[in-house]
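> Have a peek at upload-v7.txt (compact mmCIF, C-alpha atoms and all ligand atoms).
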# COMPACT_ATOMS: atom_id res chain seq x y z
CA MET M 606 35.14 65.85 30.77
CA SER M 607 37.08 68.94 29.80
CA GLU M 608 37.31 69.92 26.17
CA LEU M 609 39.62 67.74 24.10
CA GLY M 610 42.84 69.40 23.03
CA ALA M 611 44.34 69.34 19.54
CA GLU M 612 47.11 66.91 20.48
CA GLN M 613 44.69 64.57 22.22
CA ILE M 614 42.49 64.51 19.11
CA ARG M 615 45.45 63.88 16.84
CA ALA M 616 46.54 60.95 18.97
CA LEU M 617 43.12 59.26 18.87
CA PRO M 618 42.79 56.55 16.20
CA LYS M 619 40.54 57.85 13.41
CA VAL M 620 38.73 56.22 10.50
CA LEU M 621 38.21 58.02 7.20
CA LEU M 622 35.79 56.75 4.55
CA HIS M 623 35.50 59.79 2.26
CA ASP M 624 38.72 61.39 1.07
CA HIS M 625 39.63 62.22 -2.55
CA LEU M 626 43.20 61.46 -3.66
CA ASP M 627 43.15 64.39 -6.08
CA GLY M 628 41.69 66.60 -3.35
CA GLY M 629 44.46 65.89 -0.86
CA VAL M 630 47.73 66.43 -2.73
CA ARG M 631 50.38 68.33 -0.77
CA PRO M 632 50.68 71.87 -2.15
CA ALA M 633 54.47 71.47 -2.37
CA THR M 634 53.97 68.33 -4.43
CA VAL M 635 51.59 70.09 -6.83
CA LEU M 636 54.32 72.70 -7.37
CA GLU M 637 57.12 70.17 -7.82
CA LEU M 638 55.12 67.99 -10.20
CA ALA M 639 54.10 71.05 -12.23
CA GLN M 640 57.73 72.08 -12.53
CA GLU M 641 58.92 68.58 -13.48
CA GLN M 642 56.19 68.20 -16.08
CA GLY M 643 56.25 71.72 -17.51
CA TYR M 644 52.65 72.28 -16.40
CA ALA M 645 52.38 76.05 -16.71
CA ALA M 646 48.78 76.69 -15.70
CA LEU M 647 49.17 76.82 -11.90
CA PRO M 648 47.65 79.98 -10.40
CA ALA M 649 50.53 80.53 -7.92
CA ASP M 650 54.20 79.60 -7.65
CA ASP M 651 54.89 79.15 -3.95
CA VAL M 652 53.42 76.87 -1.31
CA VAL M 653 51.75 79.56 0.78
CA SER M 654 50.00 81.32 -2.11
CA LEU M 655 49.04 78.06 -3.80
CA SER M 656 47.51 76.65 -0.58
CA ALA M 657 45.61 79.90 -0.09
CA TRP M 658 44.44 79.87 -3.72
CA PHE M 659 42.96 76.36 -3.37
CA ALA M 660 41.20 77.13 -0.11
CA GLU M 661 39.86 80.50 -1.25
CA SER M 662 38.71 79.33 -4.67
CA ALA M 663 37.01 76.32 -3.16
CA ASP M 664 35.26 78.64 -0.71
CA SER M 665 32.82 79.63 -3.41
CA GLY M 666 29.41 78.61 -2.12
CA SER M 667 28.92 76.47 -5.23
CA LEU M 668 29.83 72.82 -5.83
CA VAL M 669 30.44 73.46 -9.51
CA ARG M 670 33.00 76.21 -8.82
CA TYR M 671 34.52 74.15 -6.00
CA LEU M 672 35.09 71.31 -8.47
CA GLU M 673 36.88 73.62 -10.94
CA THR M 674 39.90 73.77 -8.62
CA PHE M 675 40.60 70.06 -9.24
CA ALA M 676 41.87 70.89 -12.74
CA HIS M 677 45.24 71.79 -11.19
CA THR M 678 45.70 68.64 -9.14
CA VAL M 679 44.39 66.30 -11.80
CA GLY M 680 46.51 68.27 -14.30
CA VAL M 681 49.75 67.15 -12.62
CA MET M 682 48.60 63.57 -11.86
CA GLN M 683 48.93 62.16 -15.38
CA THR M 684 51.98 59.91 -15.03
CA ALA M 685 52.53 56.68 -13.11
CA ASP M 686 55.25 58.33 -11.01
CA ALA M 687 53.00 61.23 -10.06
CA LEU M 688 50.16 58.90 -9.10
CA ARG M 689 52.42 56.63 -7.08
CA ARG M 690 53.94 59.62 -5.32
CA THR M 691 50.66 61.30 -4.43
CA ALA M 692 49.20 58.01 -3.17
CA ARG M 693 52.25 57.34 -0.99
CA GLU M 694 52.21 60.85 0.44
CA CYS M 695 48.50 60.58 1.13
CA VAL M 696 49.10 57.49 3.29
CA LEU M 697 51.95 59.17 5.19
CA ASP M 698 49.88 62.31 5.81
CA LEU M 699 46.87 60.37 7.04
CA ALA M 700 49.03 58.23 9.33
CA ALA M 701 50.67 61.36 10.78
CA ASP M 702 47.18 62.62 11.55
CA GLY M 703 46.28 59.50 13.53
CA VAL M 704 44.14 57.84 10.85
CA VAL M 705 44.30 54.04 11.22
CA TYR M 706 42.02 53.07 8.34
CA ALA M 707 41.11 55.07 5.24
CA GLU M 708 39.34 54.61 1.92
CA VAL M 709 40.76 57.03 -0.62
CA ARG M 710 38.90 57.66 -3.86
CA TYR M 711 39.82 59.03 -7.27
CA ALA M 712 38.50 58.85 -10.81
CA PRO M 713 40.84 56.76 -13.01
CA GLU M 714 39.22 58.19 -16.17
CA GLN M 715 40.65 61.63 -15.26
CA HIS M 716 44.26 60.42 -15.34
CA LEU M 717 44.59 59.24 -18.95
CA GLU M 718 45.83 62.44 -20.60
CA GLY M 719 49.50 61.46 -20.38
CA GLY M 720 48.86 58.20 -22.22
CA LEU M 721 48.24 55.83 -19.28
CA GLY M 722 45.51 53.20 -19.56
CA LEU M 723 42.94 52.65 -16.80
CA ASP M 724 44.75 49.57 -15.46
CA GLU M 725 48.05 51.42 -15.34
CA VAL M 726 46.46 54.23 -13.36
CA VAL M 727 45.08 51.80 -10.77
CA ALA M 728 48.36 49.87 -10.59
CA ALA M 729 50.34 53.08 -9.98
CA VAL M 730 48.05 54.28 -7.19
CA ASN M 731 48.09 50.81 -5.61
CA GLU M 732 51.90 50.84 -5.60
CA GLY M 733 51.88 54.19 -3.83
CA LEU M 734 49.37 53.00 -1.24
CA ARG M 735 51.50 49.92 -0.53
CA ASP M 736 54.68 52.05 -0.32
CA GLY M 737 53.02 54.27 2.26
CA GLU M 738 51.59 51.42 4.32
CA ARG M 739 54.92 49.60 4.36
CA GLU M 740 56.88 52.70 5.33
CA VAL M 741 54.54 53.44 8.19
CA ALA M 742 54.60 49.81 9.39
CA GLN M 743 58.41 49.72 9.26
CA GLY M 744 58.83 53.17 10.79
CA GLU M 745 60.92 54.38 7.86
CA ALA M 746 62.57 57.80 7.80
CA GLU M 747 59.83 60.17 6.69
CA ALA M 748 56.98 58.04 7.95
CA PRO M 749 55.14 58.64 11.21
CA ALA M 750 55.21 55.75 13.68
CA GLY M 751 52.11 53.57 13.81
CA ARG M 752 50.04 51.41 11.57
CA ILE M 753 47.58 52.36 8.87
CA ARG M 754 45.58 50.48 6.30
CA VAL M 755 44.39 52.30 3.21
CA ARG M 756 42.13 51.02 0.45
CA ALA M 757 41.30 52.68 -2.86
CA MET M 758 37.83 53.42 -4.14
CA LEU M 759 37.34 53.96 -7.86
CA THR M 760 35.08 56.86 -8.81
CA ALA M 761 33.24 57.37 -12.09
CA MET M 762 32.38 60.97 -13.01
CA ARG M 763 28.61 61.37 -13.06
CA HIS M 764 28.54 63.70 -16.09
CA ALA M 765 30.64 61.26 -18.16
CA ALA M 766 29.74 57.88 -19.63
CA ARG M 767 32.45 55.53 -18.37
CA SER M 768 30.78 54.15 -15.26
CA GLN M 769 30.47 50.62 -16.64
CA GLU M 770 34.19 50.46 -17.45
CA ILE M 771 35.12 51.87 -14.04
CA ALA M 772 32.79 49.45 -12.27
CA GLU M 773 34.46 46.57 -14.14
CA LEU M 774 37.86 47.98 -13.17
CA ALA M 775 36.82 48.09 -9.50
CA VAL M 776 35.74 44.44 -9.63
CA ARG M 777 38.94 43.43 -11.45
CA TYR M 778 41.08 44.96 -8.68
CA ARG M 779 38.89 43.93 -5.74
CA ASP M 780 41.63 41.68 -4.33
CA ASP M 781 44.31 44.25 -4.98
CA GLU M 782 43.79 47.32 -2.76
CA VAL M 783 40.48 48.42 -4.34
CA CYS M 784 37.53 48.16 -1.97
CA GLY M 785 34.67 49.74 -3.90
CA PHE M 786 33.13 52.15 -6.37
CA ASP M 787 31.62 55.64 -6.23
CA ILE M 788 30.23 58.33 -8.49
CA ALA M 789 31.13 62.00 -8.02
CA GLY M 790 31.06 65.35 -9.79
CA ALA M 791 28.35 67.97 -10.23
CA GLU M 792 25.10 66.57 -8.84
CA ASP M 793 22.42 68.86 -10.21
CA GLY M 794 21.35 67.59 -13.64
CA PHE M 795 23.31 64.34 -13.37
CA PRO M 796 21.20 61.88 -11.36
CA PRO M 797 22.76 58.57 -10.34
CA THR M 798 20.12 56.70 -12.36
CA ARG M 799 22.14 57.62 -15.50
CA HIS M 800 24.49 54.88 -14.31
CA LEU M 801 22.02 52.13 -13.46
CA GLY M 802 23.86 49.57 -15.61
CA ALA M 803 27.05 50.00 -13.61
CA PHE M 804 25.24 49.60 -10.30
CA GLU M 805 23.41 46.54 -11.54
CA PHE M 806 26.72 45.04 -12.63
CA LEU M 807 28.31 45.77 -9.22
CA ARG M 808 25.43 44.25 -7.30
CA GLN M 809 25.60 41.08 -9.38
CA ALA M 810 29.32 40.93 -8.63
CA ASN M 811 28.67 41.31 -4.88
CA ALA M 812 30.78 44.48 -4.96
CA HIS M 813 30.55 47.48 -2.64
CA PHE M 814 29.62 51.00 -3.70
CA THR M 815 28.72 54.39 -2.33
CA ILE M 816 27.25 57.36 -4.19
CA HIS M 817 27.76 61.11 -3.71
CA ALA M 818 24.15 62.16 -3.11
CA GLY M 819 22.22 64.78 -1.22
CA GLU M 820 25.04 67.32 -1.25
CA ALA M 821 24.13 69.96 -3.83
CA PHE M 822 20.75 68.44 -4.63
CA GLY M 823 17.96 67.22 -2.42
CA LEU M 824 15.97 64.21 -1.36
CA ALA M 825 15.28 62.95 -4.87
CA SER M 826 18.97 62.34 -5.35
CA ILE M 827 19.23 60.39 -2.09
CA TRP M 828 16.11 58.38 -2.92
CA GLU M 829 17.46 57.43 -6.35
CA ALA M 830 20.87 56.53 -4.92
CA ILE M 831 19.36 54.16 -2.38
CA GLN M 832 16.20 52.82 -3.95
CA TRP M 833 17.10 52.73 -7.64
CA CYS M 834 20.85 52.25 -7.53
CA GLY M 835 21.26 50.28 -4.29
CA ALA M 836 23.95 52.44 -2.66
CA GLU M 837 25.30 50.94 0.56
CA ARG M 838 26.46 54.32 1.85
CA LEU M 839 25.81 57.96 0.95
CA GLY M 840 28.57 60.44 0.13
CA HIS M 841 27.46 63.45 2.21
CA GLY M 842 23.70 62.74 2.38
CA ILE M 843 23.32 65.97 4.33
CA ARG M 844 20.04 66.88 2.60
CA ILE M 845 18.30 64.03 4.42
CA VAL M 846 17.46 66.78 6.94
CA ASP M 847 14.88 68.01 4.40
CA ASP M 848 12.83 64.99 5.44
CA ILE M 849 12.77 65.73 9.19
CA THR M 850 10.34 67.97 11.05
CA LEU M 851 10.18 69.36 14.58
CA ASP M 852 6.79 70.30 15.98
CA GLY M 853 5.40 70.03 12.45
CA SER M 854 7.89 72.48 10.87
CA PRO M 855 10.90 71.56 8.71
CA VAL M 856 14.04 71.43 10.87
CA THR M 857 15.75 73.46 8.18
CA ASP M 858 13.59 76.47 9.21
CA ASP M 859 15.79 76.82 12.29
CA LEU M 860 18.58 74.26 12.40
CA ALA M 861 20.23 75.85 15.43
CA ALA M 862 17.06 75.45 17.50
CA ALA M 863 16.57 71.89 16.24
CA ILE M 864 20.15 70.95 17.17
CA ASP M 865 19.63 72.40 20.65
CA ARG M 866 16.58 70.20 21.25
CA ALA M 867 17.84 67.03 19.62
CA GLN M 868 19.86 65.73 22.59
CA ALA M 869 17.15 66.22 25.18
CA GLU M 870 14.02 65.59 23.14
CA PRO M 871 14.74 63.23 20.23
CA GLY M 872 11.08 62.16 20.41
CA ALA M 873 9.94 65.62 19.33
CA PHE M 874 11.26 64.98 15.81
CA ALA M 875 9.29 63.27 13.05
CA LEU M 876 11.06 61.48 10.23
CA GLY M 877 9.59 61.21 6.74
CA GLU M 878 9.63 57.82 5.03
CA LEU M 879 13.01 58.28 3.38
CA ALA M 880 14.76 59.62 6.49
CA ALA M 881 13.24 56.78 8.52
CA TYR M 882 14.46 54.25 5.96
CA VAL M 883 17.98 55.67 6.06
CA ARG M 884 18.05 55.56 9.87
CA ASP M 885 16.30 52.18 10.20
CA ARG M 886 18.59 50.49 7.71
CA ARG M 887 21.64 52.12 9.33
CA ILE M 888 22.75 53.55 5.98
CA PRO M 889 26.07 55.27 6.66
CA LEU M 890 26.30 59.00 5.94
CA GLU M 891 29.80 60.09 4.91
CA MET M 892 29.58 63.62 6.24
CA CYS M 893 32.20 66.27 5.42
CA PRO M 894 31.53 69.45 7.42
CA SER M 895 34.16 71.87 6.10
CA SER M 896 33.55 70.88 2.49
CA ASN M 897 29.81 71.47 2.96
CA VAL M 898 30.38 74.93 4.40
CA GLN M 899 32.58 75.79 1.40
CA THR M 900 30.08 74.62 -1.21
CA GLY M 901 27.13 76.21 0.59
CA ALA M 902 25.52 72.86 1.51
CA ALA M 903 25.71 73.93 5.18
CA PRO M 904 25.67 77.42 6.71
CA SER M 905 28.40 76.83 9.30
CA ILE M 906 29.95 74.16 11.51
CA GLU M 907 27.66 75.18 14.41
CA GLU M 908 24.59 74.74 12.25
CA HIS M 909 25.85 71.72 10.34
CA ALA M 910 23.28 68.93 10.21
CA ILE M 911 25.88 66.38 11.34
CA ARG M 912 25.13 67.46 14.92
CA LEU M 913 21.40 66.91 14.52
CA LEU M 914 21.77 63.63 12.65
CA ASP M 915 24.22 62.26 15.20
CA ALA M 916 21.94 63.24 18.08
CA LEU M 917 19.06 61.47 16.31
CA ARG M 918 21.32 58.43 15.91
CA PHE M 919 21.63 58.23 12.17
CA ARG M 920 24.77 56.28 11.28
CA VAL M 921 26.93 59.37 10.92
CA THR M 922 30.62 59.29 9.98
CA LEU M 923 33.06 62.21 9.94
CA ASN M 924 35.26 62.81 6.89
CA THR M 925 37.60 65.28 5.18
CA ASP M 926 36.42 65.10 1.53
CA ASN M 927 39.28 67.22 0.15
CA ARG M 928 42.10 68.04 2.54
CA LEU M 929 43.78 70.44 0.11
CA MET M 930 40.72 72.42 -0.96
CA SER M 931 39.40 72.62 2.60
CA ALA M 932 42.85 73.10 4.16
CA THR M 933 41.84 70.39 6.63
CA THR M 934 42.69 67.07 8.24
CA MET M 935 40.65 64.48 10.15
CA SER M 936 41.92 65.99 13.39
CA ARG M 937 40.85 69.45 12.30
CA GLU M 938 37.35 68.30 11.37
CA ALA M 939 37.06 66.63 14.79
CA HIS M 940 38.46 69.69 16.51
CA LEU M 941 35.97 71.99 14.75
CA LEU M 942 33.11 69.88 16.06
CA VAL M 943 34.54 69.84 19.57
CA ASP M 944 35.23 73.55 19.49
CA GLN M 945 32.16 74.85 17.67
CA GLY M 946 29.73 71.95 17.91
CA GLY M 947 29.97 70.88 21.54
CA TRP M 948 31.22 67.40 20.69
CA GLY M 949 33.30 65.34 23.13
CA LEU M 950 34.92 61.93 23.25
CA THR M 951 31.52 60.20 23.16
CA GLU M 952 30.61 61.65 19.76
CA LEU M 953 34.12 61.16 18.34
CA ARG M 954 34.10 57.53 19.47
CA ARG M 955 30.65 57.02 17.96
CA VAL M 956 31.52 58.41 14.52
CA THR M 957 34.79 56.47 14.49
CA VAL M 958 33.18 53.14 15.36
CA ASN M 959 30.34 53.91 12.92
CA ALA M 960 32.92 54.47 10.18
CA MET M 961 34.75 51.24 10.92
CA LYS M 962 31.49 49.29 10.95
CA SER M 963 30.64 50.82 7.57
CA ALA M 964 34.01 50.26 5.87
CA PHE M 965 34.22 48.23 2.67
CA LEU M 966 36.59 45.80 4.37
CA PRO M 967 35.74 42.21 5.32
CA PHE M 968 33.75 41.90 8.57
CA ASP M 969 36.43 40.10 10.55
CA GLU M 970 39.01 42.77 9.67
CA ARG M 971 36.63 45.57 10.67
CA LEU M 972 35.91 43.87 13.96
CA ALA M 973 39.59 43.40 14.70
CA ILE M 974 40.29 47.12 14.24
CA ILE M 975 37.31 48.06 16.43
CA GLU M 976 38.31 45.66 19.23
CA ASP M 977 42.09 45.92 19.08
CA VAL M 978 42.64 49.55 18.09
CA LEU M 979 39.57 51.74 18.58
CA LYS M 980 38.06 50.50 21.83
CA PRO M 981 41.29 50.44 23.85
CA ALA M 982 42.05 54.03 22.79
CA TYR M 983 38.59 55.51 23.34
CA ASP M 984 37.63 53.48 26.40
CA GLY M 985 41.05 53.12 28.02
O1 LIG M 1001 32.25 66.78 -2.60
C1 LIG M 1001 32.31 66.41 -3.79
N1 LIG M 1001 31.18 66.26 -4.51
C2 LIG M 1001 31.20 65.82 -5.78
N2 LIG M 1001 32.33 65.55 -6.43
C3 LIG M 1001 33.48 65.72 -5.78
C4 LIG M 1001 33.54 66.15 -4.45
N3 LIG M 1001 34.82 66.23 -4.08
C5 LIG M 1001 35.56 65.86 -5.14
N4 LIG M 1001 34.75 65.55 -6.17
C6 LIG M 1001 35.14 65.13 -7.51
C7 LIG M 1001 36.32 65.92 -8.04
C8 LIG M 1001 37.40 64.92 -8.23
O2 LIG M 1001 38.19 65.19 -9.38
C9 LIG M 1001 36.64 63.62 -8.38
C10 LIG M 1001 37.40 62.34 -8.13
O3 LIG M 1001 38.09 62.35 -6.92
O4 LIG M 1001 35.57 63.77 -7.47
ZN ZN M 1002 33.49 63.83 -2.06
What's the structure tokens form of this structure?
Ligand SMILES: O=c1[nH]cnc2c1ncn2[C@H]1C[C@H](O)[C@@H](CO)O1
Ligand SMILES: [Zn+2]

Amino acid sequence: MSELGAEQIRALPKVLLHDHLDGGVRPATVLELAQEQGYAALPADDVVSLSAWFAESADSGSLVRYLETFAHTVGVMQTADALRRTARECVLDLAADGVVYAEVRYAPEQHLEGGLGLDEVVAAVNEGLRDGEREVAQGEAEAPAGRIRVRAMLTAMRHAARSQEIAELAVRYRDDEVCGFDIAGAEDGFPPTRHLGAFEFLRQANAHFTIHAGEAFGLASIWEAIQWCGAERLGHGIRIVDDITLDGSPVTDDLAAAIDRAQAEPGAFALGELAAYVRDRRIPLEMCPSSNVQTGAAPSIEEHAIRLLDALRFRVTLNTDNRLMSATTMSREAHLLVDQGGWGLTELRRVTVNAMKSAFLPFDERLAIIEDVLKPAYDG
């Protein structure tokens, strides 16, 4: 079929598993909250320059420098009103982009500077998520028409020492909007095994969790996340390509050539034990192309490993990571892959169904969205 257009992509129902609340605040909202709260540290004072500042600063080639930009969103998200507002706006923005199900993550421990407790932070975000969902369902003034469900995921920062508390918080709110747990932050030097107690606790509570792994650090991080910690999904996981060879050479020697051969000759590739385990067990990879290009985890969209991993039938999902820092949306990520990666409806359908299958939502609810919403739109 002919190449999908931007409007066609926007209209398709999309599923988003990896999106940070503090990485997706509207630039205008950052400015307004800063003004209301007397936050004087913003690097720009109008929407255009502030948006450009976030995107350019995040475009650093380094995860650590990329993460420094979050100081200015987290800095203005320290009150219940600000958290409720940003959560509501997140839901409206995702719905306007054609997202029908999303899991939005944030680190409650980063929102305590204004005097809120952890429970108050979660309650405020939950209110905002419910506001947004209700407004979309009722077709209220500012809301786009449609239907969206959004769940929260609670993140613990991997360099800090609050993972047990955050894991307990995630279990406490499991019946109230919160669907799971995650760890994030600088990867190098902070292995997930520092948080084994939290993961053990979550497993005993039958709770869901994912781990940012294999983004800025390699296979060891992925191996620990899966085999020591028990992660159900991997945040990014892009470095799993380090465990794949083509004609005896690492695919990373020439990713472009490997991507070219993957469709026609998947049998020419050999998977190491870890890559085979990830594919055999259908461990979902929450891949975020633009974010990876910005942090230097991938050279470009054309040479992004998502194309190879999808062709080799890993359980790939497509995500935004941080819409503000990457100046992106789900539609834009899809469009980039159509435009620069040769993807069509088949690949977009596959990553969308993969994402819904991998969601931390009860099985019957996942199935209903796949059957009633996704299939009619992609197959109709
Ligand atoms: O891509 C990422 N890798 C690791 N950490 C990240 C990424 N994107 C955002 N974070 C961090 C910064 C946020 O403040 C935190 C919670 O959302 O998670
Ligand atoms: Zn992330």
> Could you list, as a ChimeraX atom specification, all residues that come within 7 Å of ligand LIG 1001 (chain M)? Count all atoms listed in the file.
/M:625-628,668,672,675,679,710-712,760,762,789-792,817,896,926-927
> For the selection just defined, write its residues with C-alpha atoms to a file, as a short mmCIF file (atom, residue, chain, number, x, y, z; two decimals), in the coordinates of the input.

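Dumped everything to selection_2.cif:
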data_model
loop_
_atom_site.label_atom_id
_atom_site.label_comp_id
_atom_site.auth_asym_id
_atom_site.auth_seq_id
_atom_site.Cartn_x
_atom_site.Cartn_y
_atom_site.Cartn_z
CA HIS M 625 39.63 62.22 -2.55
CA LEU M 626 43.20 61.46 -3.66
CA ASP M 627 43.15 64.39 -6.08
CA GLY M 628 41.69 66.60 -3.35
CA LEU M 668 29.83 72.82 -5.83
CA LEU M 672 35.09 71.31 -8.47
CA PHE M 675 40.60 70.06 -9.24
CA VAL M 679 44.39 66.30 -11.80
CA ARG M 710 38.90 57.66 -3.86
CA TYR M 711 39.82 59.03 -7.27
CA ALA M 712 38.50 58.85 -10.81
CA THR M 760 35.08 56.86 -8.81
CA MET M 762 32.38 60.97 -13.01
CA ALA M 789 31.13 62.00 -8.02
CA GLY M 790 31.06 65.35 -9.79
CA ALA M 791 28.35 67.97 -10.23
CA GLU M 792 25.10 66.57 -8.84
CA HIS M 817 27.76 61.11 -3.71
CA SER M 896 33.55 70.88 2.49
CA ASP M 926 36.42 65.10 1.53
CA ASN M 927 39.28 67.22 0.15
#
> Could you tell me which of M:Leu688, M:Ala863, M:Val704, M:Met758 comes closest to Ile816 (chain M) if we count all atoms listed in the file?
M:Met758
> Tell me, in Å to one decimal, how far CA of Val727 (chain M) is from CA of Gln832 (chain M).
29.7 Å
> Rounded to one decimal in Å, what is the spacing between CA of Ala660 (chain M) and CA of Ala646 (chain M)?
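Going from CA of Ala660 (chain M) over to CA of Ala646 (chain M) covers 17.3 Å.
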> From the set M:Val730, M:Val978, M:Met930, M:Ala766, which residue has the shortest atom-to-atom contact distance to ligand ZN 1002 (chain M), counting all atoms listed in the file?
M:Met930
> What gap, in Å, lies between CA of Ile614 (chain M) and CA of Leu913 (chain M)?
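Between CA of Ile614 (chain M) and CA of Leu913 (chain M) the gap is 21.7 Å.
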> Name the closest residue to Leu860 (chain M) among the candidates M:Gly835, M:Glu907, M:Arg887, M:Val898; distances are taken between atoms, counting only C-alpha atoms.
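Between M:Gly835, M:Glu907, M:Arg887, M:Val898, the residue approaching Leu860 (chain M) most closely is M:Glu907.
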> From the list M:His716, M:Lys962, M:His623, M:Arg884, which residue is nearest Ile845 (chain M) when using all atoms listed in the file?
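Smallest distance to Ile845 (chain M) is found for M:Arg884.
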> Quick one: everything within 8 Å of Thr798 (chain M), counting all atoms listed in the file, minus sequence neighbours fewer than 2 positions away in the same chain. Send it as a list in words.
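Counting only the stated atoms, we get Pro796, His800, Leu801, Glu829, Ala830, Trp833 and Cys834 of chain M.
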> Counting all atoms listed in the file, which residue out of M:Ala761, M:Ala803, M:Leu950, M:Ala916 sits closest to ligand ZN 1002 (chain M)?
M:Ala761
> Please, which residues are within 6 Å of (31.2, 66.1, 5.6) by the file's coordinates, counting only C-alpha atoms, and could they come as a list in words?
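Residues lying no farther than 6 Å from the given point: His841, Met892, Cys893, Pro894 and Asn924 of chain M.
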> Write out as number ranges by chain which residues come within 6 Å of Gly737 (chain M) when counting all atoms listed in the file, dropping same-chain ones fewer than 3 positions away.
M: 693, 696-697, 734, 740
> If I only have part of region 643-657 of chain M, can you fill in N, CA and C atoms and write it as a compact mmCIF listing (two decimals), in the coordinates of the input?

# COMPACT_ATOMS: atom_id res chain seq x y z
N GLY M 643 56.46 70.55 -16.66
CA GLY M 643 56.25 71.72 -17.51
C GLY M 643 54.78 72.14 -17.57
N TYR M 644 54.06 71.86 -16.47
CA TYR M 644 52.65 72.28 -16.40
C TYR M 644 52.64 73.75 -16.00
N ALA M 645 52.19 74.61 -16.92
CA ALA M 645 52.38 76.05 -16.71
C ALA M 645 51.13 76.77 -16.21
N ALA M 646 50.06 76.01 -15.98
CA ALA M 646 48.78 76.69 -15.70
C ALA M 646 48.51 76.96 -14.22
N LEU M 647 49.45 76.62 -13.32
CA LEU M 647 49.17 76.82 -11.90
C LEU M 647 48.94 78.30 -11.59
N PRO M 648 47.99 78.59 -10.70
CA PRO M 648 47.65 79.98 -10.40
C PRO M 648 48.60 80.64 -9.40
N ALA M 649 49.59 79.92 -8.87
CA ALA M 649 50.53 80.53 -7.92
C ALA M 649 51.83 79.73 -7.98
N ASP M 650 52.94 80.35 -7.53
CA ASP M 650 54.20 79.60 -7.65
C ASP M 650 54.95 79.41 -6.34
N ASP M 651 54.27 79.57 -5.21
CA ASP M 651 54.89 79.15 -3.95
C ASP M 651 53.82 78.48 -3.08
N VAL M 652 54.32 77.72 -2.09
CA VAL M 652 53.42 76.87 -1.31
C VAL M 652 52.33 77.67 -0.60
N VAL M 653 52.73 78.80 0.01
CA VAL M 653 51.75 79.56 0.78
C VAL M 653 50.66 80.11 -0.13
N SER M 654 51.04 80.74 -1.24
CA SER M 654 50.00 81.32 -2.11
C SER M 654 49.17 80.24 -2.80
N LEU M 655 49.82 79.11 -3.13
CA LEU M 655 49.04 78.06 -3.80
C LEU M 655 48.03 77.44 -2.82
N SER M 656 48.45 77.21 -1.58
CA SER M 656 47.51 76.65 -0.58
C SER M 656 46.34 77.61 -0.40
N ALA M 657 46.66 78.89 -0.30
CA ALA M 657 45.61 79.90 -0.09
C ALA M 657 44.69 79.94 -1.31
